[in-house]
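Peer 1: What follows is start38.cif; its format and atoms are mmCIF, C-alpha atoms.
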data_upload
#
loop_
_atom_site.label_atom_id
_atom_site.label_comp_id
_atom_site.auth_asym_id
_atom_site.auth_seq_id
_atom_site.Cartn_x
_atom_site.Cartn_y
_atom_site.Cartn_z
CA MET A 22 -5.56 -3.13 -21.66
CA SER A 23 -7.23 -3.91 -18.38
CA SER A 24 -6.13 -1.59 -15.58
CA ALA A 25 -6.25 -1.45 -11.79
CA LEU A 26 -5.57 1.45 -9.44
CA LEU A 27 -3.19 0.46 -6.62
CA VAL A 28 -3.53 2.42 -3.37
CA MET A 29 -0.38 1.48 -1.48
CA ASP A 30 0.56 1.94 2.18
CA VAL A 31 -2.00 4.68 2.81
CA GLN A 32 -2.31 3.52 6.39
CA ARG A 33 -3.16 5.74 9.33
CA ALA A 34 0.34 5.72 10.93
CA ILE A 35 2.06 6.33 7.58
CA VAL A 36 -0.27 9.21 6.70
CA ASP A 37 0.40 10.68 10.16
CA ILE A 38 4.15 10.66 9.42
CA ALA A 39 4.11 11.78 5.78
CA ASP A 40 1.07 14.00 5.18
CA ASP A 41 2.32 17.52 4.59
CA GLY A 42 -1.05 19.26 4.70
CA SER A 43 -1.11 19.78 0.93
CA GLY A 44 -4.42 18.01 0.36
CA TYR A 45 -2.97 14.57 -0.39
CA LEU A 46 -5.93 12.50 0.83
CA PRO A 47 -8.57 14.50 -1.12
CA ARG A 48 -6.46 14.15 -4.32
CA LEU A 49 -6.13 10.42 -3.74
CA ARG A 50 -9.88 10.22 -3.08
CA ARG A 51 -10.51 11.88 -6.50
CA ALA A 52 -8.36 9.21 -8.16
CA ILE A 53 -10.23 6.43 -6.33
CA ASP A 54 -13.62 7.92 -7.18
CA GLY A 55 -12.55 8.37 -10.83
CA ALA A 56 -11.39 4.76 -11.05
CA ARG A 57 -14.65 3.49 -9.54
CA ALA A 58 -16.72 5.63 -11.94
CA ALA A 59 -14.78 4.12 -14.86
CA ASP A 60 -15.17 0.55 -13.49
CA ILE A 61 -11.43 0.29 -12.86
CA PRO A 62 -10.77 -1.97 -9.86
CA VAL A 63 -9.20 -0.31 -6.82
CA ILE A 64 -6.78 -2.62 -5.06
CA TYR A 65 -5.38 -1.65 -1.68
CA VAL A 66 -1.93 -2.74 -0.55
CA VAL A 67 -0.84 -2.56 3.09
CA ILE A 68 2.33 -3.41 4.92
CA ALA A 69 1.76 -5.62 7.95
CA LEU A 70 4.36 -7.70 9.73
CA ARG A 71 3.77 -10.67 11.99
CA PRO A 72 4.20 -10.29 15.75
CA GLY A 73 7.84 -10.92 16.59
CA PHE A 74 8.85 -9.93 13.02
CA PRO A 75 9.92 -13.40 11.77
CA GLU A 76 10.03 -12.11 8.18
CA VAL A 77 12.50 -9.30 8.97
CA GLY A 78 16.19 -10.04 8.41
CA THR A 79 18.92 -7.98 10.05
CA ARG A 80 20.46 -7.04 6.67
CA ASN A 81 17.28 -5.30 5.49
CA ARG A 82 17.95 -1.91 7.07
CA PRO A 83 14.56 -0.28 6.51
CA LEU A 84 12.57 -3.28 7.76
CA ALA A 85 14.96 -3.85 10.67
CA ALA A 86 14.38 -0.23 11.72
CA ILE A 87 10.61 -0.75 11.46
CA ALA A 88 10.85 -3.90 13.60
CA GLN A 89 13.11 -2.15 16.12
CA ALA A 90 10.46 0.57 16.47
CA GLY A 91 7.69 -2.04 16.73
CA LEU A 92 5.76 -0.58 13.79
CA PHE A 93 3.23 -2.10 11.39
CA VAL A 94 2.42 -5.25 13.35
CA GLU A 95 -0.67 -7.00 11.99
CA GLY A 96 -3.77 -5.68 13.76
CA ALA A 97 -1.94 -2.92 15.65
CA PRO A 98 -3.36 0.60 15.79
CA GLY A 99 -2.20 2.67 12.87
CA THR A 100 -1.86 -0.21 10.41
CA GLU A 101 -5.42 0.19 9.11
CA ILE A 102 -6.08 1.96 5.83
CA HIS A 103 -6.79 5.65 6.42
CA PRO A 104 -10.57 6.12 6.77
CA GLU A 105 -10.68 8.97 4.23
CA VAL A 106 -9.74 6.50 1.48
CA ALA A 107 -10.93 3.24 3.04
CA PRO A 108 -11.90 0.27 0.89
CA ARG A 109 -15.49 -0.57 0.11
CA PRO A 110 -16.91 -4.02 0.73
CA GLY A 111 -15.65 -6.31 -2.01
CA ASP A 112 -12.44 -4.34 -2.64
CA VAL A 113 -9.30 -6.44 -2.57
CA VAL A 114 -6.79 -5.66 0.18
CA VAL A 115 -3.36 -7.22 -0.31
CA THR A 116 -0.90 -7.54 2.57
CA LYS A 117 2.78 -7.28 1.75
CA ARG A 118 5.87 -7.96 3.85
CA ARG A 119 8.45 -5.81 2.02
CA ALA A 120 8.67 -2.48 0.20
CA SER A 121 7.26 -3.68 -3.14
CA ALA A 122 3.56 -4.44 -3.36
CA PHE A 123 4.55 -7.75 -4.98
CA SER A 124 7.03 -8.92 -2.33
CA GLY A 125 5.58 -11.36 0.15
CA SER A 126 2.05 -10.85 -1.18
CA ASP A 127 -0.38 -12.48 -3.59
CA LEU A 128 -0.78 -9.30 -5.69
CA ASP A 129 0.49 -10.92 -8.89
CA VAL A 130 -1.99 -13.78 -8.47
CA VAL A 131 -4.88 -11.33 -7.91
CA LEU A 132 -3.91 -9.26 -10.96
CA ARG A 133 -3.44 -12.25 -13.27
CA ALA A 134 -6.71 -13.83 -12.12
CA ARG A 135 -8.52 -10.63 -13.11
CA GLY A 136 -6.68 -10.26 -16.42
CA ILE A 137 -5.10 -6.98 -15.32
CA ASP A 138 -2.06 -6.01 -17.37
CA SER A 139 -1.77 -2.29 -16.56
CA LEU A 140 -1.31 -0.59 -13.19
CA VAL A 141 -1.93 2.94 -11.97
CA LEU A 142 0.28 3.57 -8.94
CA THR A 143 -0.43 5.75 -5.92
CA GLY A 144 0.83 5.67 -2.36
CA ILE A 145 3.19 6.57 0.43
CA ALA A 146 6.14 6.71 0.11
CA THR A 147 7.23 7.59 -3.39
CA SER A 148 10.80 6.47 -2.58
CA ALA A 149 9.69 3.17 -1.03
CA VAL A 150 6.51 1.33 -2.06
CA VAL A 151 5.93 3.32 -5.27
CA LEU A 152 9.52 3.02 -6.51
CA SER A 153 9.87 -0.65 -5.52
CA THR A 154 6.52 -1.60 -7.04
CA LEU A 155 7.23 0.35 -10.23
CA CYS A 156 10.55 -1.47 -10.72
CA GLN A 157 9.06 -4.90 -10.10
CA ALA A 158 5.92 -4.24 -12.19
CA ASN A 159 8.12 -3.03 -15.04
CA ASP A 160 10.12 -6.28 -14.86
CA LEU A 161 6.80 -8.19 -14.93
CA ASP A 162 5.77 -6.35 -18.13
CA PHE A 163 2.81 -4.43 -16.73
CA GLY A 164 1.77 -1.22 -18.44
CA LEU A 165 2.40 1.56 -15.92
CA THR A 166 1.02 4.94 -14.95
CA VAL A 167 2.05 6.93 -11.89
CA LEU A 168 -0.16 9.64 -10.43
CA PRO A 169 2.56 11.86 -8.90
CA ASP A 170 0.17 14.02 -6.88
CA ALA A 171 -1.39 10.85 -5.43
CA CYS A 172 2.06 9.81 -4.22
CA LEU A 173 3.72 11.32 -1.17
CA ASP A 174 7.15 11.16 0.42
CA THR A 175 8.70 12.60 3.57
CA ASP A 176 11.44 13.99 1.30
CA PRO A 177 9.77 16.35 -1.21
CA GLU A 178 12.99 16.80 -3.20
CA LEU A 179 13.42 13.05 -3.65
CA HIS A 180 9.75 12.77 -4.65
CA GLN A 181 10.29 15.41 -7.36
CA VAL A 182 13.42 13.73 -8.75
CA LEU A 183 11.64 10.38 -8.94
CA VAL A 184 8.42 11.62 -10.58
CA GLU A 185 10.15 14.04 -12.96
CA ARG A 186 13.32 12.17 -13.93
CA LEU A 187 13.17 8.44 -13.15
CA PHE A 188 9.52 7.36 -13.36
CA PRO A 189 8.91 8.80 -16.87
CA GLN A 190 11.50 6.33 -18.20
CA TRP A 191 9.19 3.43 -17.28
CA ALA A 192 5.70 4.86 -16.89
CA ASP A 193 3.26 7.52 -17.96
CA VAL A 194 3.30 10.19 -15.24
CA VAL A 195 -0.07 11.94 -15.14
CA ALA A 196 -1.66 14.29 -12.58
CA VAL A 197 -4.79 12.98 -10.87
CA ASP A 198 -7.17 15.50 -12.46
CA ASP A 199 -5.78 14.82 -15.96
CA TRP A 200 -5.98 11.06 -15.44
CA VAL A 201 -9.59 11.27 -14.21
CA LYS A 202 -10.55 13.52 -17.16
CA GLY A 203 -9.00 10.96 -19.51
CA LEU A 204 -11.29 8.27 -18.08
CA ALA A 205 -14.45 10.13 -19.04
CA PRO A 206 -16.29 8.68 -22.06
CA ARG A 207 -15.87 10.78 -25.16
#
Take the structure in this file and express it as structure tokens.
Peer 2:
Amino acid sequence: MSSALLVMDVQRAIVDIADDGSGYLPRLRRAIDGARAADIPVIYVVIALRPGFPEVGTRNRPLAAIAQAGLFVEGAPGTEIHPEVAPRPGDVVVTKRRASAFSGSDLDVVLRARGIDSLVLTGIATSAVVLSTLCQANDLDFGLTVLPDACLDTDPELHQVLVERLFPQWADVVAVDDWVKGLAPR
């Protein structure tokens, strides 16, 4: 299997809202560094909406609320990837228009072009981008791993239910340090 690490919605404004001071960014950085050391591509996914929000329908409650608040407009402050985990030159950055990393983006094209058939998921929020991407990637027959301590949610209880009860039905759920150790050559 050929894998990629997805770093999803770890944008400055989202980190500002969700980071609970538990060391999330350093854990995510360990996962990124471990992937790079093992020659696993790191693909960044960001949410960015066009000025005026033409892609946001009124029936999509979460996106309508984002548009109402004027958040995540392409190029606006706060939409950039957090500098502590920023991409390197040559890293792929995919822009999405919905919760799932696949919706409104060319992620599937990028993955298929690189022969990637297995994904390692990280990001903010567990109950939004991670859950939506996991469901869609499962339907697309990708092999799946979730790094629960490299995922974050504003609702810690919901995060726990997802990573302990739902995600294991579809994916391997592995802590960052265990995943990185498993990448080391034997």
Peer 1: Please list as a list in words every residue within 12 Å of Pro83 in chain A, counting all atoms listed in the file and excluding residues in the same chain fewer than 5 positions away.
Peer 2: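 The residues satisfying every condition are Val77, Gly78, Ala88, Gln89, Ala90, Leu92, Arg118, Arg119, Ala120, Ser148, Ala149 and Val150 of chain A.
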Peer 1: Smallest atom-to-atom distance to Tyr65 in chain A: which of A:Arg48, A:Arg135, A:Lys117, A:His180, using all atoms listed in the file?
Peer 2: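 Checking each candidate against Tyr65 in chain A, we get A:Lys117 as the closest.
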Peer 1: Can you pull out every residue within 6 Å of Phe93 in chain A, counting all atoms listed in the file, but drop anything in the same chain fewer than 3 positions away, and send it as a list in words?
Peer 2: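 Result of the neighbour search: Ala69, Leu70 and Thr100 of chain A.
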Peer 1: Grab the CA of Leu46 in chain A to CA of Arg71 in chain A distance for me, in Å with one decimal place.
Peer 2: 27.5 Å
Peer 1: On this structure, the PyMOL selection byres ((chain A and resi 130-133) around 10) would catch which residues? List them as a ChimeraX atom specification, sorted by chain and number.
Peer 2: /A:23-25,64,113,115,123,126-129,134-140
Peer 1: Using the atoms already present, construct N, CA and C atoms for range 105-137 of chain A and hand them back as a PDB file, in the frame of the given file.
Peer 2:
ATOM      1  N   GLU A 105     -10.265   8.075   5.314  1.00  0.00           N
ATOM      2  CA  GLU A 105     -10.680   8.970   4.230  1.00  0.00           C
ATOM      3  C   GLU A 105     -10.598   8.298   2.854  1.00  0.00           C
ATOM      4  N   VAL A 106      -9.870   7.209   2.759  1.00  0.00           N
ATOM      5  CA  VAL A 106      -9.740   6.500   1.480  1.00  0.00           C
ATOM      6  C   VAL A 106      -9.992   4.999   1.648  1.00  0.00           C
ATOM      7  N   ALA A 107     -10.731   4.639   2.679  1.00  0.00           N
ATOM      8  CA  ALA A 107     -10.930   3.240   3.040  1.00  0.00           C
ATOM      9  C   ALA A 107     -11.596   2.430   1.928  1.00  0.00           C
ATOM     10  N   PRO A 108     -11.283   1.141   1.894  1.00  0.00           N
ATOM     11  CA  PRO A 108     -11.900   0.270   0.890  1.00  0.00           C
ATOM     12  C   PRO A 108     -13.402   0.120   1.119  1.00  0.00           C
ATOM     13  N   ARG A 109     -14.071  -0.222   0.049  1.00  0.00           N
ATOM     14  CA  ARG A 109     -15.490  -0.570   0.110  1.00  0.00           C
ATOM     15  C   ARG A 109     -15.595  -2.081   0.241  1.00  0.00           C
ATOM     16  N   PRO A 110     -16.730  -2.564   0.710  1.00  0.00           N
ATOM     17  CA  PRO A 110     -16.910  -4.020   0.730  1.00  0.00           C
ATOM     18  C   PRO A 110     -16.680  -4.597  -0.669  1.00  0.00           C
ATOM     19  N   GLY A 111     -15.953  -5.678  -0.729  1.00  0.00           N
ATOM     20  CA  GLY A 111     -15.650  -6.310  -2.010  1.00  0.00           C
ATOM     21  C   GLY A 111     -14.334  -5.870  -2.625  1.00  0.00           C
ATOM     22  N   ASP A 112     -13.758  -4.754  -2.145  1.00  0.00           N
ATOM     23  CA  ASP A 112     -12.440  -4.340  -2.640  1.00  0.00           C
ATOM     24  C   ASP A 112     -11.392  -5.325  -2.135  1.00  0.00           C
ATOM     25  N   VAL A 113     -10.397  -5.554  -2.950  1.00  0.00           N
ATOM     26  CA  VAL A 113      -9.300  -6.440  -2.570  1.00  0.00           C
ATOM     27  C   VAL A 113      -8.294  -5.639  -1.751  1.00  0.00           C
ATOM     28  N   VAL A 114      -7.868  -6.219  -0.637  1.00  0.00           N
ATOM     29  CA  VAL A 114      -6.790  -5.660   0.180  1.00  0.00           C
ATOM     30  C   VAL A 114      -5.685  -6.716   0.222  1.00  0.00           C
ATOM     31  N   VAL A 115      -4.510  -6.330  -0.249  1.00  0.00           N
ATOM     32  CA  VAL A 115      -3.360  -7.220  -0.310  1.00  0.00           C
ATOM     33  C   VAL A 115      -2.390  -6.817   0.796  1.00  0.00           C
ATOM     34  N   THR A 116      -1.901  -7.797   1.530  1.00  0.00           N
ATOM     35  CA  THR A 116      -0.900  -7.540   2.570  1.00  0.00           C
ATOM     36  C   THR A 116       0.464  -7.947   2.052  1.00  0.00           C
ATOM     37  N   LYS A 117       1.417  -7.024   2.189  1.00  0.00           N
ATOM     38  CA  LYS A 117       2.780  -7.280   1.750  1.00  0.00           C
ATOM     39  C   LYS A 117       3.706  -7.291   2.962  1.00  0.00           C
ATOM     40  N   ARG A 118       4.907  -7.834   2.757  1.00  0.00           N
ATOM     41  CA  ARG A 118       5.870  -7.960   3.850  1.00  0.00           C
ATOM     42  C   ARG A 118       7.177  -7.215   3.569  1.00  0.00           C
ATOM     43  N   ARG A 119       7.244  -6.540   2.437  1.00  0.00           N
ATOM     44  CA  ARG A 119       8.450  -5.810   2.020  1.00  0.00           C
ATOM     45  C   ARG A 119       8.012  -4.496   1.388  1.00  0.00           C
ATOM     46  N   ALA A 120       8.979  -3.782   0.797  1.00  0.00           N
ATOM     47  CA  ALA A 120       8.670  -2.480   0.200  1.00  0.00           C
ATOM     48  C   ALA A 120       7.756  -2.613  -1.008  1.00  0.00           C
ATOM     49  N   SER A 121       8.066  -3.523  -1.938  1.00  0.00           N
ATOM     50  CA  SER A 121       7.260  -3.680  -3.140  1.00  0.00           C
ATOM     51  C   SER A 121       5.910  -4.310  -2.819  1.00  0.00           C
ATOM     52  N   ALA A 122       4.888  -3.860  -3.527  1.00  0.00           N
ATOM     53  CA  ALA A 122       3.560  -4.440  -3.360  1.00  0.00           C
ATOM     54  C   ALA A 122       3.528  -5.921  -3.758  1.00  0.00           C
ATOM     55  N   PHE A 123       4.499  -6.351  -4.543  1.00  0.00           N
ATOM     56  CA  PHE A 123       4.550  -7.750  -4.980  1.00  0.00           C
ATOM     57  C   PHE A 123       5.276  -8.657  -3.998  1.00  0.00           C
ATOM     58  N   SER A 124       6.159  -8.102  -3.174  1.00  0.00           N
ATOM     59  CA  SER A 124       7.030  -8.920  -2.330  1.00  0.00           C
ATOM     60  C   SER A 124       6.299  -9.439  -1.094  1.00  0.00           C
ATOM     61  N   GLY A 125       6.229 -10.746  -0.996  1.00  0.00           N
ATOM     62  CA  GLY A 125       5.580 -11.360   0.150  1.00  0.00           C
ATOM     63  C   GLY A 125       4.076 -11.245   0.119  1.00  0.00           C
ATOM     64  N   SER A 126       3.513 -10.983  -1.060  1.00  0.00           N
ATOM     65  CA  SER A 126       2.050 -10.850  -1.180  1.00  0.00           C
ATOM     66  C   SER A 126       1.551 -11.713  -2.333  1.00  0.00           C
ATOM     67  N   ASP A 127       0.229 -11.758  -2.471  1.00  0.00           N
ATOM     68  CA  ASP A 127      -0.380 -12.480  -3.590  1.00  0.00           C
ATOM     69  C   ASP A 127      -0.895 -11.509  -4.661  1.00  0.00           C
ATOM     70  N   LEU A 128      -0.311 -10.302  -4.725  1.00  0.00           N
ATOM     71  CA  LEU A 128      -0.780  -9.300  -5.690  1.00  0.00           C
ATOM     72  C   LEU A 128      -0.728  -9.817  -7.118  1.00  0.00           C
ATOM     73  N   ASP A 129       0.368 -10.432  -7.519  1.00  0.00           N
ATOM     74  CA  ASP A 129       0.490 -10.920  -8.890  1.00  0.00           C
ATOM     75  C   ASP A 129      -0.614 -11.922  -9.216  1.00  0.00           C
ATOM     76  N   VAL A 130      -0.927 -12.796  -8.273  1.00  0.00           N
ATOM     77  CA  VAL A 130      -1.990 -13.780  -8.470  1.00  0.00           C
ATOM     78  C   VAL A 130      -3.331 -13.077  -8.666  1.00  0.00           C
ATOM     79  N   VAL A 131      -3.615 -12.076  -7.817  1.00  0.00           N
ATOM     80  CA  VAL A 131      -4.880 -11.330  -7.910  1.00  0.00           C
ATOM     81  C   VAL A 131      -4.978 -10.623  -9.267  1.00  0.00           C
ATOM     82  N   LEU A 132      -3.896  -9.989  -9.691  1.00  0.00           N
ATOM     83  CA  LEU A 132      -3.910  -9.260 -10.960  1.00  0.00           C
ATOM     84  C   LEU A 132      -4.100 -10.208 -12.138  1.00  0.00           C
ATOM     85  N   ARG A 133      -3.347 -11.285 -12.162  1.00  0.00           N
ATOM     86  CA  ARG A 133      -3.440 -12.250 -13.270  1.00  0.00           C
ATOM     87  C   ARG A 133      -4.818 -12.902 -13.318  1.00  0.00           C
ATOM     88  N   ALA A 134      -5.387 -13.213 -12.164  1.00  0.00           N
ATOM     89  CA  ALA A 134      -6.710 -13.830 -12.120  1.00  0.00           C
ATOM     90  C   ALA A 134      -7.776 -12.911 -12.711  1.00  0.00           C
ATOM     91  N   ARG A 135      -7.573 -11.609 -12.593  1.00  0.00           N
ATOM     92  CA  ARG A 135      -8.520 -10.630 -13.110  1.00  0.00           C
ATOM     93  C   ARG A 135      -8.167 -10.143 -14.517  1.00  0.00           C
ATOM     94  N   GLY A 136      -7.089 -10.667 -15.082  1.00  0.00           N
ATOM     95  CA  GLY A 136      -6.680 -10.260 -16.420  1.00  0.00           C
ATOM     96  C   GLY A 136      -6.130  -8.846 -16.484  1.00  0.00           C
ATOM     97  N   ILE A 137      -5.623  -8.342 -15.382  1.00  0.00           N
ATOM     98  CA  ILE A 137      -5.100  -6.980 -15.320  1.00  0.00           C
ATOM     99  C   ILE A 137      -3.670  -6.965 -15.830  1.00  0.00           C
TER     100      ILE A 137
END
